[in-house]
$ cat upload.csv   # CSV, C-alpha atoms
chain,number,residue,atom,x,y,z
D,979,MET,CA,22.4,169.8,44.2
D,980,ALA,CA,23.6,167.1,41.9
D,981,SER,CA,20.9,165.3,39.9
D,982,ASN,CA,20.2,161.7,40.8
D,983,LYS,CA,18.4,161.1,37.5
D,984,THR,CA,19.3,157.7,36.0
D,985,ALA,CA,20.7,157.9,32.4
D,986,GLN,CA,18.3,156.4,29.9
D,987,PHE,CA,21.2,154.9,27.9
D,988,ASP,CA,24.7,153.7,28.3
D,989,ALA,CA,26.9,154.7,25.4
D,990,VAL,CA,29.9,152.8,26.7
D,991,LYS,CA,27.9,149.6,27.2
D,992,THR,CA,26.6,149.9,23.6
D,993,LEU,CA,30.1,150.1,22.2
D,994,SER,CA,31.2,147.1,24.3
D,995,LYS,CA,28.3,145.1,23.0
D,996,ILE,CA,29.3,145.9,19.4
D,997,GLU,CA,32.9,145.1,19.9
D,998,GLU,CA,32.3,141.7,21.6
D,999,HIS,CA,30.7,140.4,18.5
D,1000,PHE,CA,33.9,140.7,16.4
D,1001,GLU,CA,35.7,137.6,17.4
D,1002,MET,CA,38.4,136.2,15.2
D,1003,PHE,CA,37.1,133.6,12.6
D,1004,GLN,CA,39.5,130.7,12.3
D,1005,ILE,CA,39.4,127.2,10.8
D,1006,LEU,CA,43.0,126.0,11.2
D,1007,ASP,CA,45.1,126.6,14.3
D,1008,GLN,CA,48.9,127.3,13.9
D,1009,GLU,CA,49.6,123.5,14.0
D,1010,GLY,CA,47.4,122.9,11.0
D,1011,ASN,CA,44.6,121.3,12.9
D,1012,VAL,CA,41.0,121.9,12.0
D,1013,VAL,CA,39.3,123.7,15.0
D,1014,ASN,CA,36.1,124.8,13.3
D,1015,GLU,CA,34.8,121.8,11.3
D,1016,ASP,CA,31.4,123.4,10.6
D,1017,ALA,CA,33.1,126.3,8.8
D,1018,MET,CA,35.2,124.1,6.4
D,1019,PRO,CA,34.6,125.4,2.9
D,1020,GLU,CA,33.6,123.2,0.0
D,1021,ILE,CA,36.8,123.0,-1.9
D,1022,SER,CA,38.3,120.1,-3.9
D,1023,ASP,CA,41.6,118.3,-3.1
D,1024,GLU,CA,42.9,119.7,-6.4
D,1025,ASP,CA,42.0,123.2,-5.5
D,1026,LEU,CA,43.7,122.8,-2.1
D,1027,GLN,CA,46.9,121.7,-3.8
D,1028,GLU,CA,46.6,124.6,-6.3
D,1029,LEU,CA,46.2,127.1,-3.4
D,1030,MET,CA,49.3,125.7,-1.7
D,1031,HIS,CA,51.2,125.9,-5.0
D,1032,ARG,CA,50.3,129.5,-5.4
D,1033,MET,CA,51.3,130.4,-1.9
D,1034,VAL,CA,54.7,128.7,-2.3
D,1035,TYR,CA,55.2,130.3,-5.6
D,1036,THR,CA,54.4,133.7,-4.1
D,1037,ARG,CA,56.9,133.2,-1.3
D,1038,ILE,CA,59.6,132.5,-3.8
D,1039,LEU,CA,58.6,135.5,-5.9
D,1040,ASP,CA,58.9,137.6,-2.8
D,1041,GLN,CA,62.4,136.3,-2.0
D,1042,ARG,CA,63.6,136.7,-5.6
D,1043,SER,CA,62.0,140.2,-5.9
D,1044,ILE,CA,63.9,141.3,-2.8
D,1045,SER,CA,67.1,140.0,-4.3
D,1046,LEU,CA,66.5,141.7,-7.6
D,1047,ASN,CA,65.8,145.0,-5.8
D,1048,ARG,CA,69.1,144.8,-3.9
D,1049,GLN,CA,70.8,144.2,-7.2
D,1050,GLY,CA,69.3,147.3,-8.6
D,1051,ARG,CA,67.2,145.4,-11.2
D,1052,LEU,CA,63.8,146.3,-9.6
D,1053,GLY,CA,62.6,149.7,-8.3
D,1054,PHE,CA,59.9,150.1,-5.7
D,1055,TYR,CA,59.0,146.8,-3.9
D,1056,ALA,CA,56.9,146.0,-0.9
D,1057,PRO,CA,57.6,142.6,0.6
D,1058,THR,CA,54.7,140.1,1.0
D,1059,ALA,CA,56.1,137.2,3.0
D,1060,GLY,CA,53.7,136.3,5.8
D,1061,GLN,CA,50.7,137.6,4.0
D,1062,GLU,CA,50.3,134.8,1.5
D,1063,ALA,CA,47.1,133.4,3.1
D,1064,SER,CA,45.6,136.9,3.3
D,1065,GLN,CA,46.4,137.7,-0.3
D,1066,ILE,CA,46.3,134.5,-2.2
D,1067,ALA,CA,43.5,132.7,-0.4
D,1068,SER,CA,41.2,135.7,-0.7
D,1069,HIS,CA,42.0,135.9,-4.4
D,1070,PHE,CA,41.4,132.2,-4.8
D,1071,ALA,CA,37.7,132.8,-3.9
D,1072,LEU,CA,37.2,135.1,-6.9
D,1073,GLU,CA,36.2,134.5,-10.5
D,1074,LYS,CA,37.8,135.7,-13.7
D,1075,GLU,CA,35.1,138.3,-14.3
D,1076,ASP,CA,35.8,140.0,-10.9
D,1077,TRP,CA,37.8,143.1,-10.6
D,1078,VAL,CA,40.9,143.3,-8.4
D,1079,VAL,CA,41.9,146.8,-7.3
D,1080,PRO,CA,45.2,146.5,-5.5
D,1081,GLY,CA,47.4,148.5,-3.2
D,1082,TYR,CA,51.1,148.5,-3.8
D,1083,ARG,CA,51.7,145.4,-1.7
D,1084,ASP,CA,49.1,143.4,-3.7
D,1085,VAL,CA,51.0,142.6,-6.8
D,1086,PRO,CA,50.7,138.8,-6.3
D,1087,GLN,CA,46.9,139.0,-6.5
D,1088,ILE,CA,46.9,140.7,-9.9
D,1089,ILE,CA,49.6,138.3,-11.2
D,1090,TRP,CA,47.3,135.4,-10.3
D,1091,HIS,CA,44.4,137.3,-11.9
D,1092,GLY,CA,46.3,137.3,-15.2
D,1093,LEU,CA,48.8,140.2,-15.3
D,1094,PRO,CA,52.0,138.8,-16.9
D,1095,LEU,CA,54.8,138.6,-14.4
D,1096,SER,CA,57.1,140.6,-16.7
D,1097,GLN,CA,54.7,143.5,-16.5
D,1098,ALA,CA,54.7,143.3,-12.7
D,1099,PHE,CA,58.5,143.8,-12.9
D,1100,LEU,CA,58.0,146.7,-15.3
D,1101,PHE,CA,55.6,148.3,-12.8
D,1102,SER,CA,58.2,148.1,-10.1
D,1103,ARG,CA,60.7,149.8,-12.5
D,1104,GLY,CA,58.2,152.6,-13.1
D,1105,HIS,CA,57.7,151.7,-16.8
D,1106,TYR,CA,54.4,152.7,-18.2
D,1107,LEU,CA,53.9,149.3,-19.8
D,1108,GLY,CA,53.7,147.8,-16.3
D,1109,ASN,CA,50.3,149.6,-15.9
D,1110,LYS,CA,48.8,148.2,-19.1
D,1111,SER,CA,46.6,145.2,-18.5
D,1112,PRO,CA,46.0,142.6,-21.2
D,1113,GLU,CA,42.5,142.5,-22.7
D,1114,GLY,CA,40.2,140.6,-20.4
D,1115,VAL,CA,42.4,140.9,-17.3
D,1116,ASN,CA,40.2,142.9,-14.9
D,1117,VAL,CA,42.8,144.6,-12.7
D,1118,LEU,CA,43.8,148.1,-12.0
D,1119,PRO,CA,47.5,149.2,-11.5
D,1120,PRO,CA,48.6,149.0,-7.9
D,1121,GLN,CA,47.6,152.2,-6.1
D,1122,ILE,CA,50.4,154.1,-4.4
D,1123,ILE,CA,48.1,156.6,-2.7
D,1124,ILE,CA,47.2,155.1,0.7
D,1125,GLY,CA,43.5,154.0,0.7
D,1126,ALA,CA,42.6,155.6,-2.7
D,1127,GLN,CA,41.7,152.2,-4.1
D,1128,TYR,CA,38.7,152.0,-1.7
D,1129,VAL,CA,36.9,154.8,-3.5
D,1130,GLN,CA,37.8,153.3,-6.9
D,1131,THR,CA,36.4,149.9,-5.8
D,1132,ALA,CA,33.1,151.4,-4.8
D,1133,GLY,CA,32.7,153.0,-8.2
D,1134,ILE,CA,33.7,149.9,-10.1
D,1135,ALA,CA,31.3,147.8,-8.0
D,1136,LEU,CA,28.4,150.2,-8.6
D,1137,GLY,CA,29.2,150.0,-12.3
D,1138,LEU,CA,29.0,146.2,-12.2
D,1139,LYS,CA,25.7,146.4,-10.4
D,1140,LYS,CA,24.2,148.9,-12.9
D,1141,ARG,CA,25.3,146.7,-15.8
D,1142,GLY,CA,23.8,143.6,-14.3
D,1143,LYS,CA,27.1,141.8,-14.0
D,1144,LYS,CA,27.4,138.8,-11.6
D,1145,ALA,CA,30.8,140.0,-10.5
D,1146,VAL,CA,32.5,141.8,-7.6
D,1147,ALA,CA,35.2,144.3,-7.2
D,1148,ILE,CA,37.7,143.5,-4.4
D,1149,THR,CA,40.3,145.8,-2.9
D,1150,TYR,CA,43.1,145.7,-0.3
D,1151,THR,CA,44.7,148.1,2.1
D,1152,GLY,CA,46.7,147.8,5.3
D,1153,ASP,CA,45.7,148.8,8.8
D,1154,GLY,CA,47.2,152.2,8.2
D,1155,GLY,CA,44.9,152.6,5.2
D,1156,SER,CA,41.9,152.3,7.4
D,1157,SER,CA,42.7,155.7,8.9
D,1158,GLN,CA,42.3,157.4,5.6
D,1159,GLY,CA,39.2,159.3,4.6
D,1160,ASP,CA,39.0,157.3,1.3
D,1161,PHE,CA,38.5,154.2,3.4
D,1162,TYR,CA,35.3,155.5,5.0
D,1163,GLU,CA,34.0,157.2,1.9
D,1164,GLY,CA,34.5,153.9,-0.1
D,1165,ILE,CA,32.7,151.6,2.4
D,1166,ASN,CA,30.0,154.1,3.0
D,1167,PHE,CA,29.3,154.7,-0.7
D,1168,ALA,CA,29.3,151.0,-1.5
D,1169,GLY,CA,27.0,150.4,1.5
D,1170,ALA,CA,24.6,153.1,0.5
D,1171,TYR,CA,24.2,151.7,-3.0
D,1172,SER,CA,24.5,148.0,-2.0
D,1173,ALA,CA,27.3,147.7,-4.5
D,1174,PRO,CA,29.0,144.3,-4.9
D,1175,ALA,CA,32.4,145.1,-3.3
D,1176,ILE,CA,34.7,143.3,-1.0
D,1177,PHE,CA,36.9,145.6,1.1
D,1178,VAL,CA,40.0,143.8,2.7
D,1179,VAL,CA,42.1,145.4,5.4
D,1180,GLN,CA,45.3,143.4,5.8
D,1181,ASN,CA,46.1,144.2,9.4
D,1182,ASN,CA,49.8,143.3,9.5
D,1183,GLN,CA,50.2,145.1,12.8
D,1184,PHE,CA,52.2,148.1,11.5
D,1185,ALA,CA,51.6,151.0,9.1
D,1186,ILE,CA,55.3,151.4,8.3
D,1187,SER,CA,56.4,151.9,11.9
D,1188,THR,CA,53.1,153.0,13.5
D,1189,PRO,CA,51.6,150.1,15.5
D,1190,ARG,CA,48.0,149.2,14.9
D,1191,ASP,CA,46.9,150.4,18.4
D,1192,LYS,CA,48.0,153.9,17.4
D,1193,GLN,CA,45.8,153.8,14.3
D,1194,THR,CA,42.4,153.7,16.1
D,1195,ALA,CA,40.8,153.3,19.5
D,1196,GLY,CA,38.6,150.5,18.1
D,1197,LYS,CA,39.4,147.0,19.3
D,1198,THR,CA,39.1,145.8,15.7
D,1199,ILE,CA,39.1,147.4,12.3
D,1200,ALA,CA,36.3,145.0,11.2
D,1201,GLN,CA,33.9,146.8,13.5
D,1202,LYS,CA,34.2,150.0,11.4
D,1203,ALA,CA,31.8,148.2,9.0
D,1204,VAL,CA,29.0,149.0,11.5
D,1205,SER,CA,29.3,152.7,10.7
D,1206,ALA,CA,28.6,152.0,7.0
D,1207,GLY,CA,25.8,149.6,7.7
D,1208,ILE,CA,27.6,146.7,6.1
D,1209,PRO,CA,28.8,143.3,7.4
D,1210,GLY,CA,32.3,143.1,8.8
D,1211,ILE,CA,34.4,140.1,9.9
D,1212,LEU,CA,37.7,139.6,11.6
D,1213,VAL,CA,39.6,136.7,10.1
D,1214,ASP,CA,42.8,134.9,11.1
D,1215,GLY,CA,44.9,136.2,8.2
D,1216,MET,CA,47.5,133.4,8.6
D,1217,ASP,CA,44.8,130.8,8.0
D,1218,PRO,CA,44.2,130.2,4.3
D,1219,LEU,CA,41.0,128.2,4.7
D,1220,ALA,CA,39.4,130.9,7.0
D,1221,VAL,CA,40.4,133.7,4.5
D,1222,TYR,CA,39.1,131.7,1.6
D,1223,ALA,CA,35.8,130.9,3.4
D,1224,ALA,CA,35.2,134.5,4.5
D,1225,THR,CA,35.9,135.9,1.0
D,1226,LYS,CA,33.8,133.2,-0.7
D,1227,ASP,CA,30.9,134.0,1.5
D,1228,ALA,CA,31.3,137.8,0.9
D,1229,ARG,CA,31.4,137.2,-2.9
D,1230,ASP,CA,28.3,134.9,-2.9
D,1231,ARG,CA,26.3,137.5,-1.0
D,1232,ALA,CA,27.6,140.4,-3.2
D,1233,VAL,CA,26.6,138.8,-6.5
D,1234,ASN,CA,23.2,137.9,-4.9
D,1235,GLY,CA,22.5,141.6,-4.4
D,1236,GLU,CA,23.3,141.7,-0.7
D,1237,GLY,CA,25.9,144.4,-0.9
D,1238,PRO,CA,29.5,144.8,0.3
D,1239,THR,CA,31.6,143.3,3.1
D,1240,LEU,CA,34.5,144.5,5.1
D,1241,ILE,CA,37.1,141.8,5.9
D,1242,GLU,CA,39.9,142.4,8.4
D,1243,THR,CA,42.7,139.8,8.0
D,1244,LEU,CA,44.9,139.6,11.1
D,1245,CYS,CA,48.4,138.9,9.7
D,1246,TYR,CA,52.0,139.9,9.8
D,1247,ARG,CA,54.7,140.9,7.2
D,1248,TYR,CA,58.0,139.3,7.9
D,1249,GLY,CA,60.0,141.8,6.0
D,1250,PRO,CA,60.2,145.6,6.0
D,1251,HIS,CA,57.4,147.8,4.9
D,1252,THR,CA,59.2,148.4,1.6
D,1253,MET,CA,62.7,148.0,0.4
D,1254,ALA,CA,63.2,151.8,0.4
D,1255,GLY,CA,65.1,152.0,3.6
D,1256,ASP,CA,62.6,150.8,6.2
D,1257,ASP,CA,64.3,149.0,9.2
D,1258,PRO,CA,61.6,146.9,11.1
D,1259,THR,CA,64.1,146.1,13.9
D,1260,ARG,CA,63.6,149.7,15.1
D,1261,TYR,CA,60.0,149.2,15.9
D,1262,ARG,CA,59.5,145.4,16.2
D,1263,THR,CA,61.0,143.1,18.8
D,1264,ASP,CA,62.6,139.7,18.2
D,1265,GLU,CA,59.9,138.2,20.5
D,1266,MET,CA,57.2,139.5,18.2
D,1267,ASP,CA,58.8,138.2,15.1
D,1268,THR,CA,59.3,134.8,16.7
D,1269,GLU,CA,55.7,134.6,17.8
D,1270,TRP,CA,54.4,135.4,14.3
D,1271,GLU,CA,56.8,133.0,12.6
D,1272,LYS,CA,55.1,130.2,14.5
D,1273,LYS,CA,51.9,131.2,12.7
D,1274,ASP,CA,53.5,131.1,9.2
D,1275,PRO,CA,50.6,130.4,6.7
D,1276,LEU,CA,52.8,128.2,4.6
D,1277,VAL,CA,53.8,126.0,7.5
D,1278,ARG,CA,50.3,125.8,8.8
D,1279,PHE,CA,48.7,124.9,5.5
D,1280,ARG,CA,51.5,122.5,4.7
D,1281,LYS,CA,50.9,120.5,7.9
D,1282,PHE,CA,47.1,120.4,7.1
D,1283,LEU,CA,47.7,119.1,3.5
D,1284,GLU,CA,50.4,116.6,4.6
D,1285,ASP,CA,48.0,115.1,7.1
D,1286,LYS,CA,45.5,114.6,4.2
D,1287,ASN,CA,48.3,113.1,1.9
D,1288,LEU,CA,47.8,116.0,-0.5
D,1289,TRP,CA,51.3,117.6,-0.2
D,1290,ASN,CA,54.9,116.4,0.1
D,1291,GLU,CA,58.4,117.6,-0.5
D,1292,GLU,CA,58.3,116.6,-4.1
D,1293,LYS,CA,55.3,118.8,-4.8
D,1294,GLU,CA,56.9,121.7,-2.9
D,1295,ASN,CA,60.1,121.5,-4.9
D,1296,GLU,CA,58.1,121.5,-8.1
D,1297,SER,CA,56.4,124.7,-7.2
D,1298,ILE,CA,59.7,126.3,-6.1
D,1299,GLU,CA,61.4,125.3,-9.4
D,1300,LYS,CA,58.5,126.5,-11.5
D,1301,ALA,CA,58.5,129.8,-9.7
D,1302,LYS,CA,62.3,130.3,-10.2
D,1303,GLU,CA,62.1,129.4,-13.9
D,1304,GLU,CA,59.2,131.7,-14.7
D,1305,ILE,CA,60.7,134.5,-12.7
D,1306,LYS,CA,63.9,134.1,-14.7
D,1307,GLU,CA,62.0,134.3,-18.0
D,1308,ALA,CA,59.9,137.2,-16.9
D,1309,ILE,CA,62.8,139.4,-15.8
D,1310,LYS,CA,64.5,138.7,-19.2
D,1311,VAL,CA,61.4,140.0,-20.9
D,1312,ALA,CA,61.4,143.0,-18.7
D,1313,ASP,CA,65.1,143.6,-19.4
D,1314,ASP,CA,64.5,143.3,-23.2
D,1315,THR,CA,61.7,145.8,-23.1
D,1316,PRO,CA,62.7,149.2,-24.7
D,1317,LYS,CA,63.4,151.7,-22.0
D,1318,GLN,CA,60.8,154.4,-21.4
D,1319,LYS,CA,61.5,157.7,-23.1
D,1320,VAL,CA,60.6,161.3,-22.2
D,1321,THR,CA,58.4,161.5,-25.3
D,1322,ASP,CA,56.6,158.4,-24.2
D,1323,LEU,CA,55.6,160.2,-21.0
D,1324,MET,CA,54.3,163.2,-23.0
D,1325,GLU,CA,52.4,161.1,-25.5
D,1326,ASN,CA,50.8,159.0,-22.8
D,1327,MET,CA,49.7,162.0,-20.8
D,1328,TYR,CA,48.2,164.1,-23.7
D,1329,GLU,CA,46.0,163.2,-26.6
D,1330,GLU,CA,46.8,166.7,-28.1
D,1331,MET,CA,50.1,168.1,-27.0
D,1332,PRO,CA,49.7,171.6,-25.3
D,1333,ASN,CA,51.5,174.4,-27.1
D,1334,ASN,CA,53.8,175.1,-24.1
D,1335,LEU,CA,55.1,171.5,-24.3
D,1336,GLN,CA,55.2,171.0,-28.1
D,1337,GLU,CA,58.6,172.7,-28.4
D,1338,GLN,CA,60.0,170.6,-25.6
D,1339,TYR,CA,58.5,167.5,-27.2
D,1340,GLU,CA,60.3,168.2,-30.5
D,1341,ILE,CA,63.6,168.8,-28.6
D,1342,TYR,CA,63.4,165.5,-26.8
D,1343,LYS,CA,62.3,163.6,-29.9
D,1344,GLU,CA,65.3,164.8,-31.7
D,1345,LYS,CA,67.6,163.8,-28.8
D,1346,GLU,CA,66.1,160.3,-28.7
D,1347,SER,CA,66.5,159.8,-32.4
D,1348,LYS,CA,70.3,160.0,-32.2
$ encode --input "upload.csv" --output "structure tokens"
Amino acid sequence: MASNKTAQFDAVKTLSKIEEHFEMFQILDQEGNVVNEDAMPEISDEDLQELMHRMVYTRILDQRSISLNRQGRLGFYAPTAGQEASQIASHFALEKEDWVVPGYRDVPQIIWHGLPLSQAFLFSRGHYLGNKSPEGVNVLPPQIIIGAQYVQTAGIALGLKKRGKKAVAITYTGDGGSSQGDFYEGINFAGAYSAPAIFVVQNNQFAISTPRDKQTAGKTIAQKAVSAGIPGILVDGMDPLAVYAATKDARDRAVNGEGPTLIETLCYRYGPHTMAGDDPTRYRTDEMDTEWEKKDPLVRFRKFLEDKNLWNEEKENESIEKAKEEIKEAIKVADDTPKQKVTDLMENMYEEMPNNLQEQYEIYKEKESK
């Protein structure tokens, strides 16, 4: 006979209760209206203008970088348009002493953290000088291995804690990166040691061509924080104020000894995954693109600032022209940088040249001297 014994627990109900707590945090709707007055961060008018300036500048940098890539003047490039709120507003909540550990799409954050633009261009070209940060600029080179930066961030954050620094380490990956083992190892390690880390997952809906719903059965990526015993939050990644507020709160708690936070920013990349042959029209519909274009973070934030008389066409054009001029200067610096040599590669790899490479080194050194 079948047993009529009533189950003492309901695993499905437990999961549902967890998932229903991860509602999207938003301050501005897509029309730029404040819909969550109580959550408005304390931020000056001047900082609001500076944040908009950086977002406009970054959009121009993206457009120009795509053009330079098509001209053959840049190498690897991952477009950023659509993710300015997620990237720039989260970085805006940081301090100079914090560490930024980027993925390959997160070059804008390390530029605003102090990496010279010319070196960002050299990174794209594969030049070793593109990975050399100036003294006092706390950034790591963009990580190409998907999710590997999460483990690095946990280690840096623990180091900051052990040294008594009032600083955090922040890292970024995409929704696809949340499927990597390094993702879980990083958030679990940081959680176990209460390390001051901020883990950002920029859920731009597609890991190259794989849609987010094929990445995980979870309704959100933010809820994965529960498994590591750390706070997690789902944020409207097209809303600069919401992203800033969530990151600022995570940083404040981290430096106060309250450990790491996982932030999922719900956003969209308007361009391809990278400029290396990806065609988003093969896996995205026109309807989807149109829907997300209405949520453009620059348009939304512009409307908000214009209503407060903090932004106008003149300020926008100033930001655009400043970006164009600085990009022009930076690409010239990159062009004038001596090309990387084979012997540079060997010298940078080894402090003492192995015997089996010494002969090759001498051969290339002679060739390069001619």
$ atom_distance --input "upload.csv" --atom1 "atom CA of Ala1301 of chain D" --atom2 "atom CA of Ser1043 of chain D"
11.6 Å
$ closest_atom_pairs --input "upload.csv" --of "segment 1246-1320 of chain D" --to "segment 1138-1156 of chain D" --cutoff "12 Å" --atoms "only C-alpha atoms" --output "JSON lines"
{"residue": "D:Tyr1246", "atom": "CA", "partner": "D:Gly1152", "partner_atom": "CA", "distance": 10.5}
{"residue": "D:Arg1247", "atom": "CA", "partner": "D:Gly1152", "partner_atom": "CA", "distance": 10.7}
{"residue": "D:His1251", "atom": "CA", "partner": "D:Gly1152", "partner_atom": "CA", "distance": 10.7}
$ closest_residue --input "upload.csv" --among "D:Gln1336, D:Gln986, D:Gln1004, D:Asn1011" --to "Lys1281 of chain D" --atoms "only C-alpha atoms"
D:Asn1011
$ closest_residue --input "upload.csv" --among "D:Ala1220, D:Ile1211, D:Ala1232, D:Leu1118" --to "Gly1169 of chain D" --atoms "only C-alpha atoms"
D:Ala1232
$ residues_around --input "upload.csv" --residues "Glu1307 of chain D" --least-positions-apart "6" --cutoff "10 Å" --atoms "only C-alpha atoms" --output "list in words"
Leu1095, Ser1096 and Asp1313 of chain D
